[in-house]
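What follows is one structure encoded as structure tokens, with my remarks underneath.
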Amino acid sequence: MMMVRKEFDQNLDQLNEWLVEMGEMVEKAIKESIEALSQLDAEKARQIIAYDLKVNDMEERIIELGIKLIATQQPVAKDLRRIIAAFHIANDLERMADLAIDIAETVLIIEDKALIKPIDDITQMGEIVGDMTYEAIQSFVHENVDLAYKMAKDDDQVDELYGKVVRELVVLMEENLKNIPQAQQLSFVARYIERFGDHATNIGESVIYLVTGKKPDLNA
Amino acid sequence: MSTLIEAKNLNLFYSDFQALKNVNLTIPEKAVTAFIGPSGCGKSTLLRTLNRMNDMIIGTRIEGELTISGTNIYSNEVDVETLRKKVGMVFQQPNPFPKSIYDNIAYGPRLHGIKNKKVLDEIVETSLKAAALWDEVKDHLKRSALSISGGQQQRLCIARALAVNPDILLMDEATSALDPISTLKIEELVQELKDKYTIVMVTHNMHQAARVSNQTVFFLNGEVVEYSETEKLFSNPDDKRTEDYISGRFG
């Protein structure tokens, strides 16, 4: 005899929906922070900063619901793993949104100055992590472990680009001391984007944990 | 942890009905093993084979082997009284005898020939202490066992089982008739007792199994579906049927 737990299942579906929604919010924030940087668009940067309240609010809702389900439904096995994964994923997404703010704030710092170098490499990093974030969320939606692994592999490209960007910025700093303030800002940005990749990879780990119960280290 | 109890190809029939199907299982000593599963899955039947309680049901037939410390308890040489002294049992309903608290505990030892008052006094005190009841009843040991609360009565029954110095304690739904506080006390007691005794419990309360046991066995239709460390079984079971049952989507 099959039995359903209607209310519990509805709540778990709700948790999923919110996570996907939060993922889309963060994906948007990342994309726009990179746009704001390449266009040095202060207005867009301010919007990203304001938008963060919504992301935080969503994280709060996800955590509240997860706690409620643990307290009232005594979840075990995959149900329990789903809630634990939701906590982790929401936390990673929230951190990613904060990083988007950090980039937006950098835009506000350097807005009226010309860029000391073309930032194609940085925007390329941004595109990769944008895709990774999308794939991380998709791997969660479809519980697709293969996609989670594939996505995590892309982080290698981000790390590689990050190294390259930083080395180039160091050369610019050595070349002219006046470059230092902006070079420093840009290397922070590269670092923020590199962190996006790590958080996306963490989401992949949470998906693998949800599906298999195992905790791989995809950042290794 | 070394193995204390082992079932090998164990089959049990109640007349035509097969209640246990080819059960293979090892239970380690000095740990808590929980049997879970829906009604009629065979968990209580297996528990009751461990001290041959099923012998009392007419038409029961058993095949295969069930060993405790390497001895097949269904062999002809085994004395059932001695077996039940080594394998104590606590039931769903607290069932103290209509005697004093003291006499309830002293009952088993007296039955086994202990008459010395000093020795009996000591057994009563040690058993009640082991069952975490001593402080509550020490000043009125002569009072009727039926006058104490249900939770206390159940701990008294545990003390009574411990008084004959068993190796194994079987608990058949031992907290299902108790309120949450009394349940918690028994669960805490089980944690203390497992250092000295091997405990096997049947419970309908899965979360009790999760809280209390070291290993959990999931039964379905007389078969062992899954047997693993409790933490593993409740966080990442191998079998879909286990997952469905413990998640409450099956029943």
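Letters A, B, ... go to the chains of the structure tokens in the order shown; residues in each chain start at 1; ligands are counted from 1 in the same order.
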For chain B, list the residues within 10 Å of chain A, counting only C-alpha atoms, and write the list as a ChimeraX atom specification.
/B:206-207,210,231-238,242-251
* Just the residues within 12 Å of Lys113 of chain A, please, counting only C-alpha atoms, with nothing from its chain fewer than 6 positions along; format it as a PyMOL selection string. => chain A and resi 37+39-42+106-107+179+181-182
Filtering to N, CA and C atoms, could you give me those residues as a JSON list (two decimals), in the first residue's frame?
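Generated file (selection-v7.json):
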```json
[["chain", "number", "residue", "atom", "x", "y", "z"],
["A", 37, "LEU", "N", 30.23, 46.14, -14.54],
["A", 37, "LEU", "CA", 31.68, 46.35, -14.54],
["A", 37, "LEU", "C", 32.18, 46.68, -15.94],
["A", 39, "GLN", "N", 30.65, 47.87, -18.42],
["A", 39, "GLN", "CA", 30.13, 49.16, -18.91],
["A", 39, "GLN", "C", 30.39, 50.30, -17.92],
["A", 40, "LEU", "N", 31.01, 49.98, -16.80],
["A", 40, "LEU", "CA", 31.16, 50.92, -15.68],
["A", 40, "LEU", "C", 29.86, 51.69, -15.44],
["A", 41, "ASP", "N", 28.81, 50.91, -15.25],
["A", 41, "ASP", "CA", 27.44, 51.45, -15.15],
["A", 41, "ASP", "C", 27.07, 51.55, -13.66],
["A", 42, "ALA", "N", 27.18, 52.76, -13.12],
["A", 42, "ALA", "CA", 26.94, 52.96, -11.68],
["A", 42, "ALA", "C", 25.48, 52.70, -11.31],
["A", 106, "THR", "N", 32.73, 47.80, -6.30],
["A", 106, "THR", "CA", 33.96, 48.12, -7.02],
["A", 106, "THR", "C", 33.65, 49.03, -8.20],
["A", 107, "VAL", "N", 32.55, 48.74, -8.88],
["A", 107, "VAL", "CA", 32.14, 49.58, -10.01],
["A", 107, "VAL", "C", 31.96, 51.02, -9.53],
["A", 179, "ASN", "N", 48.82, 52.78, -11.31],
["A", 179, "ASN", "CA", 47.85, 51.71, -11.64],
["A", 179, "ASN", "C", 47.41, 50.93, -10.40],
["A", 181, "PRO", "N", 45.92, 51.38, -7.39],
["A", 181, "PRO", "CA", 44.57, 51.32, -6.80],
["A", 181, "PRO", "C", 43.58, 50.55, -7.67],
["A", 182, "GLN", "N", 43.56, 50.85, -8.97],
["A", 182, "GLN", "CA", 42.56, 50.14, -9.80],
["A", 182, "GLN", "C", 42.95, 48.68, -10.02]]
```
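Near Ala190 of chain A, within 9 Å and counting only C-alpha atoms, sit A:Ile122, A:Met125, A:Gly126, A:Leu161, A:Tyr162, A:Val165, A:Val166, A:Gln185, A:Arg195, not including residues fewer than 5 positions from it in the same chain.
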Notebook entry, point to check: Which distance in Å separates atom CA of Gly70 of chain B and atom CA of Ala7 of chain B, to one decimal?
Noted result: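 Going from atom CA of Gly70 of chain B over to atom CA of Ala7 of chain B, I get 10.5 Å.
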| request: Could you please write out, as a ChimeraX atom specification, every residue of segment 62-131 of chain A that DSSP assigns to alpha helix (DSSP H)? | output: /A:62-73,77-110,120-131
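Between atom CA of Asp239 of chain B and atom CA of Leu169 of chain B there is a distance of 28.7 Å.
Residue nearest Asn104 of chain B, chosen from B:Ile58, B:Val78, B:Lys240, B:Ile158 and counting only C-alpha atoms: B:Ile158.
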Leu46 of chain B environment, 12 Å, only C-alpha atoms, sequence neighbours closer than 5 positions dropped, as a VMD selection string
chain B and resid 5 to 7 10 to 13 19 to 25 34 to 36 40 to 41 51 to 54 62 66 170 to 172 200 to 202 217 to 219 222 to 224
Could you list, as an MDAnalysis selection string, every residue within 10 Å of Arg110 of chain B, counting only C-alpha atoms and ignoring same-chain residues fewer than 5 positions away? chainID B and resid 103 105 115:116 120 164
